[in-house]
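Here is the file target_12.pdb (PDB, C-alpha atoms, pLDDT in the B column).
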ATOM      1  CA  MET A  51      31.388  -8.148   3.358  1.00 96.00           C
ATOM      2  CA  GLU A  52      30.201 -11.641   2.506  1.00 94.00           C
ATOM      3  CA  TYR A  53      26.934 -12.027   0.602  1.00 97.00           C
ATOM      4  CA  VAL A  54      24.641 -15.001   0.087  1.00 95.00           C
ATOM      5  CA  THR A  55      24.335 -15.697  -3.626  1.00 95.00           C
ATOM      6  CA  ASP A  56      22.908 -19.214  -3.650  1.00 96.00           C
ATOM      7  CA  ILE A  57      19.301 -20.128  -2.798  1.00 96.00           C
ATOM      8  CA  ALA A  58      20.323 -23.532  -1.410  1.00 96.00           C
ATOM      9  CA  GLU A  59      22.735 -21.824   0.991  1.00 95.00           C
ATOM     10  CA  LEU A  60      19.993 -19.458   2.093  1.00 95.00           C
ATOM     11  CA  GLU A  61      17.519 -22.280   2.688  1.00 95.00           C
ATOM     12  CA  ALA A  62      20.103 -24.224   4.663  1.00 95.00           C
ATOM     13  CA  LEU A  63      20.682 -21.177   6.847  1.00 95.00           C
ATOM     14  CA  TYR A  64      17.006 -20.742   7.744  1.00 95.00           C
ATOM     15  CA  GLY A  65      15.720 -24.301   7.666  1.00 94.00           C
ATOM     16  CA  THR A  66      12.235 -25.597   6.921  1.00 92.00           C
ATOM     17  CA  PRO A  67       9.276 -23.193   7.129  1.00 90.00           C
ATOM     18  CA  GLY A  68       6.812 -23.889   9.932  1.00 89.00           C
ATOM     19  CA  SER A  69       3.634 -25.729   9.014  1.00 93.00           C
ATOM     20  CA  ALA A  70       1.398 -22.791   9.957  1.00 90.00           C
ATOM     21  CA  SER A  71       3.302 -20.413   7.671  1.00 89.00           C
ATOM     22  CA  LEU A  72       2.379 -22.608   4.701  1.00 91.00           C
ATOM     23  CA  HIS A  73      -1.162 -23.603   5.648  1.00 92.00           C
ATOM     24  CA  LYS A  74      -2.349 -20.020   6.243  1.00 95.00           C
ATOM     25  CA  VAL A  75      -2.061 -19.180   2.523  1.00 96.00           C
ATOM     26  CA  ALA A  76      -5.295 -18.741   0.542  1.00 97.00           C
ATOM     27  CA  HIS A  77      -5.661 -17.975  -3.151  1.00 98.00           C
ATOM     28  CA  GLN A  78      -8.848 -15.959  -2.941  1.00 97.00           C
ATOM     29  CA  MET A  79     -10.841 -14.045  -0.366  1.00 98.00           C
ATOM     30  CA  THR A  80     -12.154 -16.200   2.479  1.00 97.00           C
ATOM     31  CA  PRO A  81     -14.664 -15.121   5.143  1.00 97.00           C
ATOM     32  CA  LEU A  82     -11.971 -14.383   7.730  1.00 97.00           C
ATOM     33  CA  TYR A  83      -9.449 -12.781   5.387  1.00 97.00           C
ATOM     34  CA  ARG A  84     -12.322 -10.697   3.992  1.00 98.00           C
ATOM     35  CA  LYS A  85     -13.206  -9.498   7.498  1.00 97.00           C
ATOM     36  CA  TRP A  86      -9.593  -8.514   8.153  1.00 97.00           C
ATOM     37  CA  ILE A  87      -8.985  -6.705   4.862  1.00 97.00           C
ATOM     38  CA  MET A  88     -12.297  -4.838   5.005  1.00 98.00           C
ATOM     39  CA  ALA A  89     -11.257  -3.490   8.418  1.00 98.00           C
ATOM     40  CA  SER A  90      -8.087  -1.991   6.929  1.00 98.00           C
ATOM     41  CA  ARG A  91      -8.107   1.701   6.027  1.00 97.00           C
ATOM     42  CA  PHE A  92      -4.385   1.703   5.200  1.00 97.00           C
ATOM     43  CA  CYS A  93      -2.043  -0.448   3.180  1.00 98.00           C
ATOM     44  CA  VAL A  94       1.307  -0.284   1.445  1.00 98.00           C
ATOM     45  CA  LEU A  95       1.144  -1.080  -2.268  1.00 98.00           C
ATOM     46  CA  SER A  96       4.419  -2.341  -3.749  1.00 98.00           C
ATOM     47  CA  THR A  97       5.149  -2.533  -7.459  1.00 98.00           C
ATOM     48  CA  VAL A  98       8.078  -3.227  -9.755  1.00 97.00           C
ATOM     49  CA  GLY A  99       8.912  -1.671 -13.099  1.00 95.00           C
ATOM     50  CA  PRO A 100      11.733  -0.976 -15.526  1.00 94.00           C
ATOM     51  CA  ASP A 101      13.128   1.823 -13.360  1.00 90.00           C
ATOM     52  CA  GLY A 102      13.004  -0.164 -10.114  1.00 93.00           C
ATOM     53  CA  THR A 103      10.559  -0.733  -7.285  1.00 96.00           C
ATOM     54  CA  ASP A 104       8.039   1.469  -5.518  1.00 96.00           C
ATOM     55  CA  GLY A 105       6.229   1.233  -2.186  1.00 97.00           C
ATOM     56  CA  SER A 106       3.234   3.552  -1.952  1.00 97.00           C
ATOM     57  CA  PRO A 107       1.057   4.236   1.119  1.00 96.00           C
ATOM     58  CA  ARG A 108      -2.660   4.024   0.360  1.00 97.00           C
ATOM     59  CA  GLY A 109      -5.356   5.220   2.735  1.00 95.00           C
ATOM     60  CA  TYR A 110      -9.101   5.801   2.816  1.00 93.00           C
ATOM     61  CA  ASP A 111     -11.740   6.660   5.414  1.00 91.00           C
ATOM     62  CA  GLY A 112     -13.270   3.198   4.992  1.00 94.00           C
ATOM     63  CA  PRO A 113     -11.938  -0.042   3.535  1.00 97.00           C
ATOM     64  CA  VAL A 114      -8.900   0.809   1.416  1.00 97.00           C
ATOM     65  CA  VAL A 115     -10.005  -1.723  -1.225  1.00 98.00           C
ATOM     66  CA  ARG A 116     -13.359  -2.951  -2.506  1.00 98.00           C
ATOM     67  CA  GLU A 117     -14.093  -6.555  -3.424  1.00 98.00           C
ATOM     68  CA  LEU A 118     -15.562  -7.243  -6.865  1.00 98.00           C
ATOM     69  CA  ASP A 119     -15.406 -11.008  -6.490  1.00 98.00           C
ATOM     70  CA  ALA A 120     -13.437 -13.537  -4.458  1.00 98.00           C
ATOM     71  CA  GLN A 121     -10.336 -13.078  -6.617  1.00 98.00           C
ATOM     72  CA  THR A 122     -10.641  -9.408  -7.590  1.00 98.00           C
ATOM     73  CA  LEU A 123     -10.173  -6.231  -5.566  1.00 98.00           C
ATOM     74  CA  VAL A 124     -10.276  -2.624  -6.741  1.00 98.00           C
ATOM     75  CA  MET A 125      -8.506   0.409  -5.287  1.00 98.00           C
ATOM     76  CA  PRO A 126      -9.267   3.996  -6.337  1.00 97.00           C
ATOM     77  CA  ASP A 127      -6.231   6.126  -7.115  1.00 97.00           C
ATOM     78  CA  TRP A 128      -7.000   9.306  -5.196  1.00 94.00           C
ATOM     79  CA  ARG A 129      -5.266  12.614  -5.705  1.00 88.00           C
ATOM     80  CA  GLY A 130      -1.544  12.706  -4.942  1.00 86.00           C
ATOM     81  CA  ASN A 131       1.540  14.437  -6.297  1.00 87.00           C
ATOM     82  CA  ASN A 132       1.096  13.182  -9.886  1.00 90.00           C
ATOM     83  CA  ARG A 133       4.420  11.337  -9.963  1.00 93.00           C
ATOM     84  CA  ILE A 134       2.335   8.199 -10.713  1.00 95.00           C
ATOM     85  CA  ASP A 135       5.298   5.904  -9.994  1.00 96.00           C
ATOM     86  CA  THR A 136       2.965   3.098  -8.906  1.00 97.00           C
ATOM     87  CA  LEU A 137       0.712   3.428 -11.940  1.00 97.00           C
ATOM     88  CA  ARG A 138       3.668   3.556 -14.340  1.00 97.00           C
ATOM     89  CA  ASN A 139       4.997   0.342 -12.831  1.00 98.00           C
ATOM     90  CA  ILE A 140       1.644  -1.442 -13.027  1.00 98.00           C
ATOM     91  CA  VAL A 141       1.243  -0.532 -16.707  1.00 98.00           C
ATOM     92  CA  ALA A 142       4.760  -1.842 -17.402  1.00 97.00           C
ATOM     93  CA  ASP A 143       4.745  -4.865 -15.067  1.00 98.00           C
ATOM     94  CA  GLY A 144       1.563  -5.963 -13.316  1.00 98.00           C
ATOM     95  CA  ARG A 145       3.183  -7.744 -10.365  1.00 98.00           C
ATOM     96  CA  ILE A 146       2.102  -6.206  -7.058  1.00 98.00           C
ATOM     97  CA  SER A 147       2.116  -6.818  -3.322  1.00 98.00           C
ATOM     98  CA  LEU A 148      -0.074  -5.225  -0.666  1.00 98.00           C
ATOM     99  CA  MET A 149       0.366  -5.096   3.106  1.00 98.00           C
ATOM    100  CA  PHE A 150      -2.831  -4.291   5.003  1.00 98.00           C
ATOM    101  CA  MET A 151      -2.633  -2.844   8.502  1.00 97.00           C
ATOM    102  CA  VAL A 152      -5.246  -2.133  11.168  1.00 97.00           C
ATOM    103  CA  PRO A 153      -4.369   0.159  14.119  1.00 95.00           C
ATOM    104  CA  GLY A 154      -3.782  -1.868  17.256  1.00 95.00           C
ATOM    105  CA  ALA A 155      -3.385  -5.195  15.421  1.00 96.00           C
ATOM    106  CA  ASN A 156       0.111  -6.669  15.534  1.00 95.00           C
ATOM    107  CA  ASN A 157      -0.570  -8.978  12.607  1.00 95.00           C
ATOM    108  CA  VAL A 158      -0.746  -7.709   9.055  1.00 96.00           C
ATOM    109  CA  VAL A 159      -2.335  -9.371   6.031  1.00 97.00           C
ATOM    110  CA  ARG A 160      -0.500  -9.547   2.727  1.00 98.00           C
ATOM    111  CA  ILE A 161      -1.664 -10.063  -0.848  1.00 98.00           C
ATOM    112  CA  ASN A 162       0.532 -10.889  -3.821  1.00 98.00           C
ATOM    113  CA  GLY A 163      -0.947 -10.773  -7.280  1.00 98.00           C
ATOM    114  CA  PHE A 164      -1.273  -8.856 -10.517  1.00 98.00           C
ATOM    115  CA  ALA A 165      -2.860  -5.512 -11.294  1.00 98.00           C
ATOM    116  CA  LYS A 166      -4.091  -3.369 -14.161  1.00 98.00           C
ATOM    117  CA  VAL A 167      -5.095   0.283 -14.318  1.00 98.00           C
ATOM    118  CA  THR A 168      -8.566   1.134 -15.609  1.00 98.00           C
ATOM    119  CA  ILE A 169     -10.284   4.427 -16.391  1.00 98.00           C
ATOM    120  CA  ASP A 170     -13.718   2.799 -16.661  1.00 98.00           C
ATOM    121  CA  GLN A 171     -16.138   5.655 -16.063  1.00 97.00           C
ATOM    122  CA  GLU A 172     -18.804   3.679 -14.218  1.00 98.00           C
ATOM    123  CA  LEU A 173     -16.263   2.181 -11.835  1.00 98.00           C
ATOM    124  CA  ARG A 174     -14.585   5.536 -11.194  1.00 97.00           C
ATOM    125  CA  GLU A 175     -17.923   7.209 -10.511  1.00 97.00           C
ATOM    126  CA  SER A 176     -18.860   4.474  -8.035  1.00 97.00           C
ATOM    127  CA  PHE A 177     -16.151   5.840  -5.726  1.00 96.00           C
ATOM    128  CA  GLU A 178     -17.559   9.371  -5.681  1.00 94.00           C
ATOM    129  CA  VAL A 179     -16.661  11.436  -2.597  1.00 93.00           C
ATOM    130  CA  LYS A 180     -17.905  15.033  -2.281  1.00 90.00           C
ATOM    131  CA  GLY A 181     -18.465  15.208  -6.025  1.00 92.00           C
ATOM    132  CA  GLN A 182     -14.930  13.983  -6.796  1.00 92.00           C
ATOM    133  CA  HIS A 183     -13.886  10.780  -8.579  1.00 95.00           C
ATOM    134  CA  PRO A 184     -10.511   9.050  -8.832  1.00 96.00           C
ATOM    135  CA  ARG A 185      -8.840   9.525 -12.206  1.00 96.00           C
ATOM    136  CA  SER A 186      -8.146   5.813 -12.382  1.00 98.00           C
ATOM    137  CA  VAL A 187      -8.780   2.600 -10.459  1.00 98.00           C
ATOM    138  CA  ILE A 188      -6.326  -0.227  -9.804  1.00 98.00           C
ATOM    139  CA  VAL A 189      -7.828  -3.680 -10.472  1.00 98.00           C
ATOM    140  CA  ILE A 190      -6.069  -6.368  -8.426  1.00 98.00           C
ATOM    141  CA  LYS A 191      -6.176 -10.080  -9.228  1.00 98.00           C
ATOM    142  CA  ILE A 192      -5.320 -12.062  -6.099  1.00 98.00           C
ATOM    143  CA  GLY A 193      -2.546 -14.640  -6.371  1.00 98.00           C
ATOM    144  CA  GLU A 194      -2.220 -15.387  -2.669  1.00 98.00           C
ATOM    145  CA  ILE A 195      -3.367 -14.000   0.674  1.00 98.00           C
ATOM    146  CA  TYR A 196      -1.706 -14.718   3.990  1.00 97.00           C
ATOM    147  CA  SER A 197      -1.284 -13.262   7.446  1.00 96.00           C
ATOM    148  CA  GLN A 198       2.132 -12.037   8.516  1.00 91.00           C
ATOM    149  CA  CYS A 199       3.689 -13.008  11.841  1.00 87.00           C
ATOM    150  CA  ALA A 200       3.233 -10.303  14.492  1.00 92.00           C
ATOM    151  CA  ARG A 201       6.866 -10.239  15.631  1.00 94.00           C
ATOM    152  CA  ALA A 202       7.982  -7.228  13.556  1.00 94.00           C
ATOM    153  CA  VAL A 203       5.168  -4.953  14.757  1.00 94.00           C
ATOM    154  CA  MET A 204       5.661  -6.166  18.327  1.00 94.00           C
ATOM    155  CA  ARG A 205       9.426  -5.516  18.193  1.00 94.00           C
ATOM    156  CA  ALA A 206       8.785  -1.997  16.930  1.00 94.00           C
ATOM    157  CA  GLY A 207       6.090  -1.333  19.559  1.00 94.00           C
ATOM    158  CA  LEU A 208       4.254   0.285  16.670  1.00 93.00           C
ATOM    159  CA  TRP A 209       0.939   0.846  18.424  1.00 94.00           C
ATOM    160  CA  SER A 210       2.193   1.275  21.984  1.00 92.00           C
ATOM    161  CA  VAL A 211       5.083   3.760  22.037  1.00 89.00           C
ATOM    162  CA  GLY A 212       3.018   6.868  21.319  1.00 90.00           C
ATOM    163  CA  ASP A 213       3.837   9.822  19.071  1.00 93.00           C
ATOM    164  CA  GLU A 214       7.555   9.946  18.281  1.00 93.00           C
ATOM    165  CA  SER A 215       7.338  12.449  15.432  1.00 93.00           C
ATOM    166  CA  ALA A 216       8.219  15.663  17.305  1.00 92.00           C
ATOM    167  CA  GLN A 217      11.881  15.749  16.229  1.00 93.00           C
ATOM    168  CA  LEU A 218      11.366  14.657  12.629  1.00 95.00           C
ATOM    169  CA  PRO A 219      12.183  17.077   9.811  1.00 96.00           C
ATOM    170  CA  THR A 220       9.155  18.470   7.993  1.00 94.00           C
ATOM    171  CA  VAL A 221       8.539  17.983   4.288  1.00 94.00           C
ATOM    172  CA  GLY A 222       9.175  21.696   3.831  1.00 95.00           C
ATOM    173  CA  GLU A 223      12.592  21.319   5.445  1.00 96.00           C
ATOM    174  CA  ILE A 224      13.439  18.288   3.311  1.00 96.00           C
ATOM    175  CA  LEU A 225      12.333  20.076   0.142  1.00 94.00           C
ATOM    176  CA  ALA A 226      14.400  23.144   1.044  1.00 96.00           C
ATOM    177  CA  GLU A 227      17.432  20.912   1.654  1.00 97.00           C
ATOM    178  CA  GLN A 228      17.004  19.195  -1.712  1.00 97.00           C
ATOM    179  CA  THR A 229      16.579  22.487  -3.635  1.00 96.00           C
ATOM    180  CA  GLN A 230      19.082  24.617  -1.699  1.00 95.00           C
ATOM    181  CA  GLY A 231      16.195  26.740  -0.493  1.00 94.00           C
ATOM    182  CA  ALA A 232      14.534  27.317  -3.865  1.00 95.00           C
ATOM    183  CA  GLU A 233      11.386  25.479  -2.729  1.00 94.00           C
ATOM    184  CA  GLY A 234       9.867  24.381   0.550  1.00 93.00           C
ATOM    185  CA  GLY A 235      10.694  25.844   3.920  1.00 94.00           C
ATOM    186  CA  GLN A 236       8.339  27.171   6.555  1.00 94.00           C
ATOM    187  CA  SER A 237       5.898  28.686   4.067  1.00 94.00           C
ATOM    188  CA  TYR A 238       5.431  25.297   2.414  1.00 93.00           C
ATOM    189  CA  ASP A 239       4.710  23.641   5.766  1.00 93.00           C
ATOM    190  CA  ASP A 240       2.382  26.437   6.901  1.00 93.00           C
ATOM    191  CA  GLY A 241       0.253  26.092   3.789  1.00 92.00           C
ATOM    192  CA  TRP A 242       0.114  22.313   3.706  1.00 86.00           C
ATOM    193  CA  ALA A 243      -3.034  21.778   5.791  1.00 87.00           C
ATOM    194  CA  ALA A 244      -5.087  24.168   3.642  1.00 88.00           C
ATOM    195  CA  ARG A 245      -3.779  22.643   0.400  1.00 85.00           C
ATOM    196  CA  ALA A 246      -4.527  19.128   1.593  1.00 84.00           C
ATOM    197  CA  ALA A 247      -8.066  20.047   2.697  1.00 80.00           C
ATOM    198  CA  LYS A 248      -8.858  21.356  -0.783  1.00 77.00           C
ATOM    199  CA  THR A 249      -7.394  18.406  -2.659  1.00 78.00           C
ATOM    200  CA  MET A 250      -7.974  15.394  -0.384  1.00 79.00           C
ATOM    201  CA  TRP A 251      -9.933  13.538  -3.064  1.00 79.00           C
TER
END
Using structure tokens, write down the structure that the file contains.
Amino acid sequence: MEYVTDIAELEALYGTPGSASLHKVAHQMTPLYRKWIMASRFCVLSTVGPDGTDGSPRGYDGPVVRELDAQTLVMPDWRGNNRIDTLRNIVADGRISLMFMVPGANNVVRINGFAKVTIDQELRESFEVKGQHPRSVIVIKIGEIYSQCARAVMRAGLWSVGDESAQLPTVGEILAEQTQGAEGGQSYDDGWAARAAKTMW
């Protein structure tokens, strides 16, 4: 298999970027980018660290991030599986990317920037939900914001094809496969909804 190993060769293959793809870039929140991002309850947060990369889904029942100022966003780190891959990476290497999605919208909005992890008590408590607080908060400094072309979401028919999950393996099945039956299985799947309800935040 032949691989491209030279940036000049790659640029020659794809040609000059379109004018709109360059002019849509902002370096802080603008009124319209703010409106878009504040409508997003879900994003993918990508990080890089000494052990590789990580892409983590992040969701909330309102805006998935909060704006502190035009160049700073904060994201609570709600309860998960405690692997903390994303947080480890941010502590080691602050470079991050976020992809914000809104159901029904074919465009996505992306942010590239730098992040730090804080355990500031006042900030954590400001995210209180049902008496619970995040254990940490991710502070994001915006490098650039831009909208992503809608073609990928349109090709996938992401919002129009309906539920295609019926034949997917469950997490219990995957866990049982990975542990030769020592963990997971039907009992894991049956108990998931109750476990999640108790530990959502």
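Minimum distance to Ser176 of chain A across A:His73, A:Lys248, A:Arg116, A:Arg91 (counting only C-alpha atoms) occurs at A:Arg116.
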(message) Would you pick out the contacts of Gly105 of chain A at 8 Å or less, using all atoms listed in the file, so that residues sharing its chain but fewer than 4 positions from it are not included, and give the list as a PyMOL selection string?
(response) chain A and resi 94-97+136
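The nearest approach to Leu82 of chain A among the residues A:Ser210, A:Thr229, A:Glu117, A:Ser197, with only C-alpha atoms taken into account, belongs to A:Ser197.
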(message) Once the PyMOL selection byres ((chain A and resi 145) around 8) is applied to the coordinates I shared, what remains selected? I want it as a PyMOL selection string.
(response) chain A and resi 97-98+140+143-144+146-147+162-165
Would you mind exporting the chosen residues as an mmCIF file, keeping the file's coordinate frame, restricted to C-alpha atoms?
data_model
loop_
_atom_site.group_PDB
_atom_site.id
_atom_site.type_symbol
_atom_site.label_atom_id
_atom_site.label_comp_id
_atom_site.auth_asym_id
_atom_site.auth_seq_id
_atom_site.Cartn_x
_atom_site.Cartn_y
_atom_site.Cartn_z
ATOM 1 C CA THR A 97 5.149 -2.533 -7.459
ATOM 2 C CA VAL A 98 8.078 -3.227 -9.755
ATOM 3 C CA ILE A 140 1.644 -1.442 -13.027
ATOM 4 C CA ASP A 143 4.745 -4.865 -15.067
ATOM 5 C CA GLY A 144 1.563 -5.963 -13.316
ATOM 6 C CA ILE A 146 2.102 -6.206 -7.058
ATOM 7 C CA SER A 147 2.116 -6.818 -3.322
ATOM 8 C CA ASN A 162 0.532 -10.889 -3.821
ATOM 9 C CA GLY A 163 -0.947 -10.773 -7.280
ATOM 10 C CA PHE A 164 -1.273 -8.856 -10.517
ATOM 11 C CA ALA A 165 -2.860 -5.512 -11.294
#
(message) For the provided coordinates, the residues matched by the PyMOL selection byres ((chain A and resi 179) around 12) should be stated as a list in words.
(response) Tyr110, Asp111, Gly112, Pro126, Trp128, Arg129, Arg174, Glu175, Ser176, Phe177, Glu178, Lys180, Gly181, Gln182, His183, Pro184, Thr249, Met250 and Trp251 of chain A
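Of note, atom CA of Arg160 of chain A and atom CA of Ile57 of chain A are spaced 23.1 Å apart.
Nearest-residue note for Leu148 of chain A: choosing from A:Ala226, A:Val167, A:Ala120, A:Ile192, the minimum distance belongs to A:Ile192, counting only C-alpha atoms.
Atom CA of Glu52 of chain A to atom CA of Gln198 of chain A spans 28.7 Å [interatomic distance, one decimal].
Comparing A:Ala246, A:Ala70, A:Leu60, A:Ile195 by their smallest distance to Val159 of chain A, the closest is A:Ile195 (using only C-alpha atoms).
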(message) I want to know what sits within 7 Å of Glu194 of chain A, based on all atoms listed in the file, with residues of the same chain fewer than 6 positions away left out; could you give that as a ChimeraX atom specification?
(response) /A:75-78,161-163
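Those residues that approach Val203 of chain A to within 8 Å, counting all atoms listed in the file, are Asn156, Asn157, Ala200, Ala206, Gly207 and Leu208 of chain A; same-chain residues fewer than 3 positions away are not listed.
The shortest atom-to-atom distance to Trp209 of chain A, with all atoms listed in the file taken into account, belongs to A:Pro153 out of A:Gly222, A:Gly235, A:Pro100, A:Pro153.
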(request) For atom CA of Thr168 of chain A and atom CA of Met125 of chain A, quote the distance in Å rounded to one decimal. (result) 10.3 Å
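Using all atoms listed in the file, the nearest neighbour of Tyr196 of chain A within the list A:Leu63, A:Met149, A:Val114, A:Asn131 is A:Met149.
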(request) Name the residues captured by the PyMOL selection byres ((chain A and resi 151) around 6) when it is applied to the shown file; answer as a count of residues only. (result) 6
(message) Can you tell me which residues surround Asp119 of chain A at a distance of at most 12 Å, considering all atoms listed in the file, apart from same-chain residues fewer than 4 positions away, and format the answer as a list in words?
(response) Gln78, Met79, Thr80, Arg84, Val115, Leu123, Val124, Val189, Ile190, Lys191 and Ile192 of chain A
Expected file: the selected residues, C-alpha atoms, as a CSV table (one decimal), in the coordinates of the input:
chain,number,residue,atom,x,y,z
A,78,GLN,CA,-8.8,-16.0,-2.9
A,79,MET,CA,-10.8,-14.0,-0.4
A,80,THR,CA,-12.2,-16.2,2.5
A,84,ARG,CA,-12.3,-10.7,4.0
A,115,VAL,CA,-10.0,-1.7,-1.2
A,123,LEU,CA,-10.2,-6.2,-5.6
A,124,VAL,CA,-10.3,-2.6,-6.7
A,189,VAL,CA,-7.8,-3.7,-10.5
A,190,ILE,CA,-6.1,-6.4,-8.4
A,191,LYS,CA,-6.2,-10.1,-9.2
A,192,ILE,CA,-5.3,-12.1,-6.1
With all atoms of segment 72-79 of chain A from the file as input, state the centre and edge lengths in Å to one decimal of the axis-aligned box that has 6 Å extra on each side, as AutoDock Vina command-line options.
--center_x -4.2 --center_y -18.8 --center_z 1.5 --size_x 25.2 --size_y 21.6 --size_z 21.4
Output requested as an mmCIF file, in the frame of the given file - segment 127-134 of chain A, filled out with all heavy atoms.
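To be explicit, this is the file written out as part-v4.cif:
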data_model
loop_
_atom_site.group_PDB
_atom_site.id
_atom_site.type_symbol
_atom_site.label_atom_id
_atom_site.label_comp_id
_atom_site.auth_asym_id
_atom_site.auth_seq_id
_atom_site.Cartn_x
_atom_site.Cartn_y
_atom_site.Cartn_z
ATOM 1 N N ASP A 127 -7.468 5.358 -7.213
ATOM 2 C CA ASP A 127 -6.231 6.126 -7.115
ATOM 3 C C ASP A 127 -6.592 7.589 -6.866
ATOM 4 O O ASP A 127 -6.843 8.353 -7.787
ATOM 5 C CB ASP A 127 -5.396 5.997 -8.397
ATOM 6 C CG ASP A 127 -4.040 6.655 -8.226
ATOM 7 O OD1 ASP A 127 -3.250 6.167 -7.399
ATOM 8 O OD2 ASP A 127 -3.784 7.675 -8.901
ATOM 9 N N TRP A 128 -6.618 7.948 -5.582
ATOM 10 C CA TRP A 128 -7.000 9.306 -5.196
ATOM 11 C C TRP A 128 -5.858 10.279 -5.434
ATOM 12 O O TRP A 128 -4.710 9.895 -5.613
ATOM 13 C CB TRP A 128 -7.448 9.338 -3.735
ATOM 14 C CG TRP A 128 -8.754 8.644 -3.510
ATOM 15 C CD1 TRP A 128 -8.974 7.482 -2.833
ATOM 16 C CD2 TRP A 128 -10.035 9.054 -4.006
ATOM 17 N NE1 TRP A 128 -10.307 7.146 -2.867
ATOM 18 C CE2 TRP A 128 -10.977 8.087 -3.578
ATOM 19 C CE3 TRP A 128 -10.475 10.143 -4.773
ATOM 20 C CZ2 TRP A 128 -12.330 8.193 -3.884
ATOM 21 C CZ3 TRP A 128 -11.820 10.228 -5.074
ATOM 22 C CH2 TRP A 128 -12.738 9.257 -4.630
ATOM 23 N N ARG A 129 -6.193 11.530 -5.389
ATOM 24 C CA ARG A 129 -5.266 12.614 -5.705
ATOM 25 C C ARG A 129 -3.968 12.503 -4.903
ATOM 26 O O ARG A 129 -3.972 12.231 -3.702
ATOM 27 C CB ARG A 129 -5.929 13.958 -5.409
ATOM 28 C CG ARG A 129 -5.129 15.162 -5.859
ATOM 29 C CD ARG A 129 -5.843 16.430 -5.448
ATOM 30 N NE ARG A 129 -7.158 16.537 -6.065
ATOM 31 C CZ ARG A 129 -7.394 17.121 -7.245
ATOM 32 N NH1 ARG A 129 -6.396 17.612 -7.943
ATOM 33 N NH2 ARG A 129 -8.624 17.195 -7.717
ATOM 34 N N GLY A 130 -2.858 12.709 -5.584
ATOM 35 C CA GLY A 130 -1.544 12.706 -4.942
ATOM 36 C C GLY A 130 -0.669 13.764 -5.583
ATOM 37 O O GLY A 130 -1.142 14.849 -5.943
ATOM 38 N N ASN A 131 0.608 13.443 -5.769
ATOM 39 C CA ASN A 131 1.540 14.437 -6.297
ATOM 40 C C ASN A 131 1.765 14.307 -7.810
ATOM 41 O O ASN A 131 2.599 15.007 -8.380
ATOM 42 C CB ASN A 131 2.887 14.340 -5.575
ATOM 43 C CG ASN A 131 3.478 12.941 -5.662
ATOM 44 O OD1 ASN A 131 3.133 12.156 -6.541
ATOM 45 N ND2 ASN A 131 4.369 12.626 -4.740
ATOM 46 N N ASN A 132 1.028 13.398 -8.440
ATOM 47 C CA ASN A 132 1.096 13.182 -9.886
ATOM 48 C C ASN A 132 2.415 12.596 -10.388
ATOM 49 O O ASN A 132 2.674 12.605 -11.591
ATOM 50 C CB ASN A 132 0.770 14.474 -10.662
ATOM 51 C CG ASN A 132 -0.664 14.913 -10.476
ATOM 52 O OD1 ASN A 132 -1.544 14.096 -10.208
ATOM 53 N ND2 ASN A 132 -0.909 16.203 -10.574
ATOM 54 N N ARG A 133 3.236 12.063 -9.491
ATOM 55 C CA ARG A 133 4.420 11.337 -9.963
ATOM 56 C C ARG A 133 4.013 10.032 -10.637
ATOM 57 O O ARG A 133 4.702 9.549 -11.515
ATOM 58 C CB ARG A 133 5.347 11.028 -8.778
ATOM 59 C CG ARG A 133 6.173 12.189 -8.291
ATOM 60 C CD ARG A 133 7.075 11.751 -7.139
ATOM 61 N NE ARG A 133 7.893 10.602 -7.505
ATOM 62 C CZ ARG A 133 9.216 10.637 -7.651
ATOM 63 N NH1 ARG A 133 9.876 11.772 -7.471
ATOM 64 N NH2 ARG A 133 9.884 9.550 -7.970
ATOM 65 N N ILE A 134 2.926 9.445 -10.201
ATOM 66 C CA ILE A 134 2.335 8.199 -10.713
ATOM 67 C C ILE A 134 3.354 7.062 -10.857
ATOM 68 O O ILE A 134 3.261 6.243 -11.779
ATOM 69 C CB ILE A 134 1.524 8.418 -12.021
ATOM 70 C CG1 ILE A 134 2.380 8.959 -13.161
ATOM 71 C CG2 ILE A 134 0.334 9.322 -11.755
ATOM 72 C CD1 ILE A 134 1.622 9.006 -14.513
#
